[in-house]
Amino acid sequence: MNYRTLGKTGLKVSEISLGTWQVGGKWGSDFNQKSAEEILNTAIDNGVNFFDTADVYSNGLSEKTVGKVVRSRSEEVYIATKCGRFLDPHTNDAYQVDVLRKFVENSLSNLGVDRIDLIQLHCPPTEVYYRPEIFELFDKLIEEGKIRNYGASVAKVEEALKAIEYPGVSTIQIIFNMFRQRPSELFFKEAKAKNVGIIARVPLASGLLTGKFGKSSTFLKDDHRNFNREGAIFDKGETFSGIDFELGLKAVDELKQLFPDQNLTHKALQWILAFNEVSCIIPGASNVTQLQSNLNLDSSSVISTPDMDKIRSIYENYIKNGVHHLW
């Protein structure tokens with residue numbers, strides 16, 4: 001495992017870390033405690049030292065399981081969690097300092113720790129980024145010893161650029177993959193200048209970039225890849241990176257032709273790691289087999305410049321017009 005510095009936090013985190021949205025159960029299926037613990041322990045066994053969770057994942061069960069496993073291990077493993085998505089309605093007005101403080105207190109309890117390594121706003125409405133009192137709360141929580149660092153998980157590049165104007169923001173979590181390339185433009189440059197760590201989420205475009213789906217692929221009733229393609233429940237950009245499923249399949253076919261007989265998942269992850277501004281990638285895993293596939297990545301294998309150019313061309317031909325201006 002290779003490690004990179006997570007911006008101004010100074011933490012050395014595994015390039016391939018772990019997102020825990022679906023840990024312990026596939027999207028749309030129930031949480032499985034035994035499976036979740038197996039995935040987390042296997043990740044640590046293989047050098048993963050950074051877990052990203054959230055209070056809303058499985059209604060707190062993800063946080064509780066991550067905390068339990070990390071506390072049981074001798075290795076130093078960093079925990080990032082997120083807050084805000086429990087707000088209903090999820091509006092700018094609902095974001096209040098006392099409410100967010102309570103969310104952090106609840107996460108501390110769920111995780112069973114005295115201090116959270118990284119707390120992140122969980123894709124709040126854009127207006128929240130223009131309210132200094134929200135970010136001042138996290139500065140106070142650092143002073144109180146309840147959190148080590150704070151950042152934001154954002155939906156849009158605009159939000160990322162606004163968030164890093166606050167000097168206390170140490171990290172930005174953002175969707176970045178072969179089908180969501182806009183962050184690598186202005187935002188990466190600005191983040192690097194301010195020493196802000198970048199956590200790349202949805203690296204496989206909700207599984208599209210594994211190359212394992214086809215037109216006949218189906219998803220469980222409660223799987224967001226089934227019900228949220230048009231953003232019915234949350235931002236559609238979180239599902240298949242916001243692109244039309246069948247159009248995505250056509251772009252994937254082009255990628256398969258570019259990398260015949262090669263693991264497309266690994267190519268998708270290698271593509272992200274080609275950007276040194278990225279601190280880590282947080283692919284999810286609903287079972288140990290998926291986790292080990294991600295961890296078997298040979299990060300020393302570099303995609304050639306001509307192939308990087310071809311990937312860019314595929315993005316511009318199929319994807320850019322539909323997503324580039326939205327997120």
# chains A, B, ... in the order shown; residues from 1 in each chain; ligands from 1
>>> residues_around(residues="Arg73 (chain A)", least_positions_apart="3", cutoff="12 Å", atoms="only C-alpha atoms", output="JSON, numbers by chain")
{"A": [37, 40, 41, 42, 43, 44, 45, 49, 66, 67, 68, 69, 70, 76, 77, 78]}
>>> residues_around(residues="region 249-266 of chain A", least_positions_apart="2", cutoff="8 Å", atoms="only C-alpha atoms", output="list of chain:residue names")
A:Leu204, A:Leu208, A:Leu209, A:Thr210, A:Gly211, A:Phe213, A:Gly214, A:Lys215, A:Phe245, A:Glu246, A:Leu247, A:Ala268, A:Leu269, A:Gln270, A:Asn294, A:Leu297, A:Asp298, A:Asp307, A:Ile311, A:Ile314, A:Tyr315, A:Tyr318, A:Ile319
>>> closest_residue(among="A:Glu75, A:Asp55, A:Asp117, A:Asp93", to="Gly10 (chain A)", atoms="only C-alpha atoms")
A:Asp117
>>> closest_residue(among="A:Phe234, A:Phe275, A:Tyr150, A:Phe188", to="Thr81 (chain A)", atoms="only C-alpha atoms")
A:Tyr150
>>> closest_residue(among="A:Gly237, A:Gly168, A:Pro306, A:Pro89", to="Arg201 (chain A)", atoms="only C-alpha atoms")
A:Gly237
>>> select_by_dssp(residues="region 11-132 of chain A", states="strand (DSSP E or B)", output="ChimeraX atom specification")
/A:12-14,16,18-19,50-52,78-83,116,118-122
>>> closest_residue(among="A:Thr20, A:Thr126, A:Asn226, A:Ser153", to="Tyr57 (chain A)", atoms="only C-alpha atoms")
A:Thr20
>>> closest_residue(among="A:Ile164, A:Gly47, A:Lys156, A:Asp98", to="Glu133 (chain A)", atoms="only C-alpha atoms")
A:Asp98
>>> select_by_dssp(residues="region 70-315 of chain A", states="alpha helix (DSSP H)", output="PyMOL selection string")
chain A and resi 70-72+97-111+132-143+157-163+186-193+224-227+245-258+264-273+288-295+305-314
>>> write_last_selection(atoms="C-alpha atoms", output="short mmCIF file (atom, residue, chain, number, x, y, z; two decimals), in the first residue's frame")
data_model
loop_
_atom_site.label_atom_id
_atom_site.label_comp_id
_atom_site.auth_asym_id
_atom_site.auth_seq_id
_atom_site.Cartn_x
_atom_site.Cartn_y
_atom_site.Cartn_z
CA VAL A 70 -10.82 0.46 14.85
CA ARG A 71 -10.80 0.34 18.66
CA SER A 72 -10.08 -3.39 18.54
CA VAL A 97 -24.91 25.53 14.98
CA ASP A 98 -26.54 23.83 17.95
CA VAL A 99 -27.99 21.08 15.76
CA LEU A 100 -24.66 20.36 14.08
CA ARG A 101 -22.93 20.27 17.46
CA LYS A 102 -25.42 17.62 18.57
CA PHE A 103 -24.70 15.58 15.44
CA VAL A 104 -20.99 15.64 16.27
CA GLU A 105 -21.70 14.57 19.84
CA ASN A 106 -23.80 11.69 18.53
CA SER A 107 -21.01 10.61 16.18
CA LEU A 108 -18.49 10.65 19.03
CA SER A 109 -20.83 8.34 20.94
CA ASN A 110 -21.45 6.04 17.98
CA LEU A 111 -17.74 5.75 17.22
CA PRO A 132 -19.15 31.63 8.38
CA GLU A 133 -20.81 30.63 11.66
CA ILE A 134 -21.09 27.05 10.45
CA PHE A 135 -17.35 26.79 9.94
CA GLU A 136 -16.62 28.68 13.14
CA LEU A 137 -18.42 25.92 15.01
CA PHE A 138 -15.87 23.38 13.83
CA ASP A 139 -13.01 25.69 14.83
CA LYS A 140 -14.51 25.67 18.34
CA LEU A 141 -14.83 21.90 18.31
CA ILE A 142 -11.13 21.64 17.50
CA GLU A 143 -10.35 23.92 20.45
CA VAL A 157 -17.00 22.45 -7.76
CA GLU A 158 -18.48 25.85 -6.85
CA GLU A 159 -19.06 24.58 -3.31
CA ALA A 160 -15.57 23.19 -3.06
CA LEU A 161 -14.03 26.48 -4.13
CA LYS A 162 -16.11 28.39 -1.58
CA ALA A 163 -15.38 25.93 1.24
CA LEU A 186 -9.50 25.01 -11.43
CA PHE A 187 -10.40 23.29 -8.16
CA PHE A 188 -7.37 21.00 -8.03
CA LYS A 189 -5.08 23.96 -8.66
CA GLU A 190 -6.66 26.02 -5.88
CA ALA A 191 -6.74 23.11 -3.43
CA LYS A 192 -3.07 22.39 -4.00
CA ALA A 193 -2.18 26.05 -3.44
CA HIS A 224 -30.24 4.18 -5.42
CA ARG A 225 -29.07 3.02 -8.85
CA ASN A 226 -32.67 1.96 -9.41
CA PHE A 227 -34.67 4.82 -7.87
CA PHE A 245 -27.09 4.79 -17.80
CA GLU A 246 -27.19 3.63 -21.41
CA LEU A 247 -24.96 6.50 -22.54
CA GLY A 248 -22.55 5.49 -19.80
CA LEU A 249 -22.53 1.94 -21.14
CA LYS A 250 -21.52 3.23 -24.58
CA ALA A 251 -18.63 5.17 -23.05
CA VAL A 252 -17.60 2.09 -21.06
CA ASP A 253 -17.54 0.05 -24.27
CA GLU A 254 -15.04 2.57 -25.66
CA LEU A 255 -12.91 2.20 -22.52
CA LYS A 256 -13.00 -1.58 -22.88
CA GLN A 257 -11.70 -1.24 -26.42
CA LEU A 258 -8.93 1.02 -25.15
CA LEU A 264 -11.33 -1.75 -15.98
CA THR A 265 -11.84 -1.15 -12.26
CA HIS A 266 -8.09 -0.93 -11.80
CA LYS A 267 -7.73 1.39 -14.77
CA ALA A 268 -10.39 3.68 -13.32
CA LEU A 269 -8.55 3.83 -10.00
CA GLN A 270 -5.14 4.26 -11.65
CA TRP A 271 -6.57 7.15 -13.65
CA ILE A 272 -7.54 8.97 -10.44
CA LEU A 273 -4.18 8.31 -8.81
CA VAL A 288 -14.55 -8.91 0.93
CA THR A 289 -14.22 -10.01 -2.70
CA GLN A 290 -14.98 -6.49 -3.94
CA LEU A 291 -12.60 -5.00 -1.39
CA GLN A 292 -9.74 -7.30 -2.35
CA SER A 293 -10.29 -6.57 -6.04
CA ASN A 294 -9.81 -2.86 -5.34
CA LEU A 295 -6.78 -3.48 -3.15
CA THR A 305 -0.05 9.91 -21.79
CA PRO A 306 -1.64 8.81 -25.11
CA ASP A 307 -4.15 6.66 -23.18
CA MET A 308 -4.88 9.53 -20.77
CA ASP A 309 -5.62 11.66 -23.83
CA LYS A 310 -7.93 8.99 -25.22
CA ILE A 311 -9.82 8.77 -21.92
CA ARG A 312 -10.26 12.53 -22.06
CA SER A 313 -11.57 12.21 -25.61
CA ILE A 314 -14.12 9.57 -24.56
#
>>> closest_residue(among="A:Asn296, A:Thr9, A:Ser14, A:Thr239", to="Gly151 (chain A)", atoms="only C-alpha atoms")
A:Thr9
>>> atom_distance(atom1="CA of Gly60 (chain A)", atom2="CA of Glu127 (chain A)")
26.4 Å
>>> atom_distance(atom1="CA of Ser217 (chain A)", atom2="CA of Ala200 (chain A)")
25.8 Å
>>> atom_distance(atom1="CA of Asn321 (chain A)", atom2="CA of Ser241 (chain A)")
13.2 Å
>>> residues_around(residues="region 281-286 of chain A", least_positions_apart="5", cutoff="10 Å", atoms="only C-alpha atoms", output="short mmCIF file (atom, residue, chain, number, x, y, z; two decimals) with C-alpha atoms, in the first residue's frame")
data_model
loop_
_atom_site.label_atom_id
_atom_site.label_comp_id
_atom_site.auth_asym_id
_atom_site.auth_seq_id
_atom_site.Cartn_x
_atom_site.Cartn_y
_atom_site.Cartn_z
CA VAL A 13 -3.43 7.95 4.48
CA SER A 14 -3.64 4.93 2.21
CA GLU A 15 -4.09 5.81 -1.46
CA ILE A 16 -6.87 3.26 -1.63
CA SER A 17 -8.97 3.79 1.46
CA LEU A 18 -12.52 2.66 2.17
CA GLY A 19 -15.90 4.32 1.88
CA THR A 20 -18.52 2.67 4.05
CA TRP A 21 -21.84 3.66 2.51
CA GLN A 22 -22.58 0.06 1.51
CA VAL A 23 -20.25 -1.78 3.89
CA GLY A 24 -22.18 -4.62 5.50
CA GLY A 25 -24.82 -4.77 2.78
CA LYS A 26 -25.26 -3.89 -0.86
CA TRP A 27 -27.19 -0.75 -1.70
CA SER A 29 -30.15 -4.57 1.32
CA PHE A 31 -26.88 -4.08 7.12
CA ASN A 32 -24.92 -7.23 8.00
CA SER A 35 -19.88 -8.91 6.90
CA ALA A 36 -19.12 -5.30 7.81
CA ILE A 39 -14.60 -6.07 5.36
CA LEU A 40 -13.15 -3.51 7.78
CA PHE A 50 -8.54 5.61 6.50
CA PHE A 51 -12.27 4.89 6.72
CA ASP A 52 -14.94 7.31 5.57
CA GLN A 173 -14.45 15.15 -0.57
CA ILE A 175 -16.86 13.02 -6.92
CA PHE A 176 -13.95 12.49 -9.26
CA ASN A 177 -13.66 9.75 -11.87
CA ILE A 198 -8.73 15.82 -1.75
CA ILE A 199 -10.76 12.68 -1.07
CA ALA A 200 -12.11 11.22 -4.31
CA ARG A 201 -15.48 9.55 -3.88
CA VAL A 202 -17.69 7.59 -6.30
CA PRO A 203 -14.51 6.58 -8.15
CA LEU A 204 -16.28 3.89 -10.17
CA ALA A 205 -19.39 5.92 -11.05
CA SER A 206 -21.65 3.69 -8.93
CA GLY A 207 -20.16 0.60 -10.56
CA LEU A 269 -8.55 3.83 -10.00
CA ILE A 272 -7.54 8.97 -10.44
CA LEU A 273 -4.18 8.31 -8.81
CA LEU A 291 -12.60 -5.00 -1.39
CA GLN A 292 -9.74 -7.30 -2.35
CA SER A 293 -10.29 -6.57 -6.04
CA ASN A 294 -9.81 -2.86 -5.34
CA LEU A 295 -6.78 -3.48 -3.15
#
>>> decode(residues="region 27-141 of chain A", atoms="C-alpha atoms", output="PDB file, in the first residue's frame")
ATOM      1  CA  TRP A  27     -27.194  -0.754  -1.696  1.00  0.00           C
ATOM      2  CA  GLY A  28     -30.802  -1.651  -1.029  1.00  0.00           C
ATOM      3  CA  SER A  29     -30.151  -4.570   1.318  1.00  0.00           C
ATOM      4  CA  ASP A  30     -29.997  -4.774   5.079  1.00  0.00           C
ATOM      5  CA  PHE A  31     -26.879  -4.080   7.119  1.00  0.00           C
ATOM      6  CA  ASN A  32     -24.919  -7.228   7.996  1.00  0.00           C
ATOM      7  CA  GLN A  33     -22.756  -6.769  11.086  1.00  0.00           C
ATOM      8  CA  LYS A  34     -20.568  -9.820  10.513  1.00  0.00           C
ATOM      9  CA  SER A  35     -19.878  -8.907   6.903  1.00  0.00           C
ATOM     10  CA  ALA A  36     -19.122  -5.301   7.814  1.00  0.00           C
ATOM     11  CA  GLU A  37     -16.568  -6.290  10.453  1.00  0.00           C
ATOM     12  CA  GLU A  38     -14.947  -8.753   8.030  1.00  0.00           C
ATOM     13  CA  ILE A  39     -14.597  -6.070   5.359  1.00  0.00           C
ATOM     14  CA  LEU A  40     -13.148  -3.509   7.777  1.00  0.00           C
ATOM     15  CA  ASN A  41     -10.683  -5.925   9.348  1.00  0.00           C
ATOM     16  CA  THR A  42      -9.555  -7.203   5.947  1.00  0.00           C
ATOM     17  CA  ALA A  43      -8.984  -3.627   4.829  1.00  0.00           C
ATOM     18  CA  ILE A  44      -6.755  -2.936   7.843  1.00  0.00           C
ATOM     19  CA  ASP A  45      -4.917  -6.220   7.288  1.00  0.00           C
ATOM     20  CA  ASN A  46      -4.035  -4.932   3.823  1.00  0.00           C
ATOM     21  CA  GLY A  47      -2.751  -1.533   4.914  1.00  0.00           C
ATOM     22  CA  VAL A  48      -5.897   0.600   4.646  1.00  0.00           C
ATOM     23  CA  ASN A  49      -5.731   3.211   7.404  1.00  0.00           C
ATOM     24  CA  PHE A  50      -8.540   5.611   6.498  1.00  0.00           C
ATOM     25  CA  PHE A  51     -12.267   4.888   6.721  1.00  0.00           C
ATOM     26  CA  ASP A  52     -14.942   7.311   5.566  1.00  0.00           C
ATOM     27  CA  THR A  53     -18.367   6.899   7.123  1.00  0.00           C
ATOM     28  CA  ALA A  54     -21.370   9.079   8.012  1.00  0.00           C
ATOM     29  CA  ASP A  55     -23.954   9.257  10.759  1.00  0.00           C
ATOM     30  CA  VAL A  56     -26.761   8.454   8.310  1.00  0.00           C
ATOM     31  CA  TYR A  57     -25.164   5.302   6.903  1.00  0.00           C
ATOM     32  CA  SER A  58     -27.414   2.485   8.128  1.00  0.00           C
ATOM     33  CA  ASN A  59     -28.779   4.943  10.702  1.00  0.00           C
ATOM     34  CA  GLY A  60     -25.608   4.979  12.794  1.00  0.00           C
ATOM     35  CA  LEU A  61     -24.700   1.305  12.463  1.00  0.00           C
ATOM     36  CA  SER A  62     -21.851   2.087  10.090  1.00  0.00           C
ATOM     37  CA  GLU A  63     -20.271   4.510  12.568  1.00  0.00           C
ATOM     38  CA  LYS A  64     -20.725   2.066  15.430  1.00  0.00           C
ATOM     39  CA  THR A  65     -19.127  -0.781  13.494  1.00  0.00           C
ATOM     40  CA  VAL A  66     -16.231   1.317  12.206  1.00  0.00           C
ATOM     41  CA  GLY A  67     -15.549   2.521  15.732  1.00  0.00           C
ATOM     42  CA  LYS A  68     -15.747  -0.974  17.181  1.00  0.00           C
ATOM     43  CA  VAL A  69     -13.299  -2.419  14.657  1.00  0.00           C
ATOM     44  CA  VAL A  70     -10.820   0.463  14.845  1.00  0.00           C
ATOM     45  CA  ARG A  71     -10.803   0.340  18.656  1.00  0.00           C
ATOM     46  CA  SER A  72     -10.085  -3.392  18.539  1.00  0.00           C
ATOM     47  CA  ARG A  73      -6.961  -2.982  16.403  1.00  0.00           C
ATOM     48  CA  SER A  74      -3.453  -1.949  17.369  1.00  0.00           C
ATOM     49  CA  GLU A  75      -2.813  -0.180  14.057  1.00  0.00           C
ATOM     50  CA  GLU A  76      -3.441   3.530  13.790  1.00  0.00           C
ATOM     51  CA  VAL A  77      -6.526   3.918  11.617  1.00  0.00           C
ATOM     52  CA  TYR A  78      -8.084   7.310  10.933  1.00  0.00           C
ATOM     53  CA  ILE A  79     -11.843   7.795  10.908  1.00  0.00           C
ATOM     54  CA  ALA A  80     -13.646  10.415   8.859  1.00  0.00           C
ATOM     55  CA  THR A  81     -17.357  10.875   9.329  1.00  0.00           C
ATOM     56  CA  LYS A  82     -19.976  13.300   8.078  1.00  0.00           C
ATOM     57  CA  CYS A  83     -22.921  15.215   9.486  1.00  0.00           C
ATOM     58  CA  GLY A  84     -25.982  17.073   8.281  1.00  0.00           C
ATOM     59  CA  ARG A  85     -27.976  14.604   6.216  1.00  0.00           C
ATOM     60  CA  PHE A  86     -30.243  13.701   9.121  1.00  0.00           C
ATOM     61  CA  LEU A  87     -31.832  17.128   8.721  1.00  0.00           C
ATOM     62  CA  ASP A  88     -35.378  16.857   7.407  1.00  0.00           C
ATOM     63  CA  PRO A  89     -36.102  18.906   5.453  1.00  0.00           C
ATOM     64  CA  HIS A  90     -32.518  19.127   4.277  1.00  0.00           C
ATOM     65  CA  THR A  91     -32.473  22.887   3.764  1.00  0.00           C
ATOM     66  CA  ASN A  92     -30.163  25.803   4.447  1.00  0.00           C
ATOM     67  CA  ASP A  93     -32.410  27.008   7.271  1.00  0.00           C
ATOM     68  CA  ALA A  94     -32.164  23.621   8.994  1.00  0.00           C
ATOM     69  CA  TYR A  95     -28.391  23.995   9.328  1.00  0.00           C
ATOM     70  CA  GLN A  96     -28.016  25.493  12.791  1.00  0.00           C
ATOM     71  CA  VAL A  97     -24.910  25.529  14.977  1.00  0.00           C
ATOM     72  CA  ASP A  98     -26.538  23.830  17.953  1.00  0.00           C
ATOM     73  CA  VAL A  99     -27.990  21.080  15.758  1.00  0.00           C
ATOM     74  CA  LEU A 100     -24.656  20.360  14.076  1.00  0.00           C
ATOM     75  CA  ARG A 101     -22.933  20.273  17.461  1.00  0.00           C
ATOM     76  CA  LYS A 102     -25.424  17.624  18.574  1.00  0.00           C
ATOM     77  CA  PHE A 103     -24.705  15.583  15.443  1.00  0.00           C
ATOM     78  CA  VAL A 104     -20.991  15.637  16.266  1.00  0.00           C
ATOM     79  CA  GLU A 105     -21.698  14.574  19.838  1.00  0.00           C
ATOM     80  CA  ASN A 106     -23.800  11.688  18.534  1.00  0.00           C
ATOM     81  CA  SER A 107     -21.005  10.605  16.181  1.00  0.00           C
ATOM     82  CA  LEU A 108     -18.494  10.648  19.034  1.00  0.00           C
ATOM     83  CA  SER A 109     -20.827   8.344  20.945  1.00  0.00           C
ATOM     84  CA  ASN A 110     -21.451   6.043  17.976  1.00  0.00           C
ATOM     85  CA  LEU A 111     -17.735   5.746  17.224  1.00  0.00           C
ATOM     86  CA  GLY A 112     -16.793   5.329  20.876  1.00  0.00           C
ATOM     87  CA  VAL A 113     -13.929   7.810  20.591  1.00  0.00           C
ATOM     88  CA  ASP A 114     -12.987  10.998  22.417  1.00  0.00           C
ATOM     89  CA  ARG A 115     -11.994  12.838  19.262  1.00  0.00           C
ATOM     90  CA  ILE A 116     -12.921  12.458  15.593  1.00  0.00           C
ATOM     91  CA  ASP A 117     -10.009  12.568  13.145  1.00  0.00           C
ATOM     92  CA  LEU A 118     -12.050  14.318  10.450  1.00  0.00           C
ATOM     93  CA  ILE A 119     -15.609  15.635  10.473  1.00  0.00           C
ATOM     94  CA  GLN A 120     -17.172  16.732   7.193  1.00  0.00           C
ATOM     95  CA  LEU A 121     -20.294  18.601   6.241  1.00  0.00           C
ATOM     96  CA  HIS A 122     -22.342  16.071   4.298  1.00  0.00           C
ATOM     97  CA  CYS A 123     -23.252  17.699   0.988  1.00  0.00           C
ATOM     98  CA  PRO A 124     -25.239  20.587   2.442  1.00  0.00           C
ATOM     99  CA  PRO A 125     -27.199  23.063   0.296  1.00  0.00           C
ATOM    100  CA  THR A 126     -24.954  25.545  -1.506  1.00  0.00           C
ATOM    101  CA  GLU A 127     -26.097  28.431   0.714  1.00  0.00           C
ATOM    102  CA  VAL A 128     -24.511  26.790   3.777  1.00  0.00           C
ATOM    103  CA  TYR A 129     -21.028  27.408   2.376  1.00  0.00           C
ATOM    104  CA  TYR A 130     -21.671  31.147   2.573  1.00  0.00           C
ATOM    105  CA  ARG A 131     -22.343  31.092   6.335  1.00  0.00           C
ATOM    106  CA  PRO A 132     -19.149  31.633   8.384  1.00  0.00           C
ATOM    107  CA  GLU A 133     -20.812  30.634  11.662  1.00  0.00           C
ATOM    108  CA  ILE A 134     -21.093  27.050  10.450  1.00  0.00           C
ATOM    109  CA  PHE A 135     -17.355  26.786   9.936  1.00  0.00           C
ATOM    110  CA  GLU A 136     -16.621  28.682  13.139  1.00  0.00           C
ATOM    111  CA  LEU A 137     -18.422  25.916  15.013  1.00  0.00           C
ATOM    112  CA  PHE A 138     -15.868  23.383  13.825  1.00  0.00           C
ATOM    113  CA  ASP A 139     -13.013  25.689  14.832  1.00  0.00           C
ATOM    114  CA  LYS A 140     -14.514  25.671  18.337  1.00  0.00           C
ATOM    115  CA  LEU A 141     -14.833  21.898  18.315  1.00  0.00           C
TER     116      LEU A 141
END
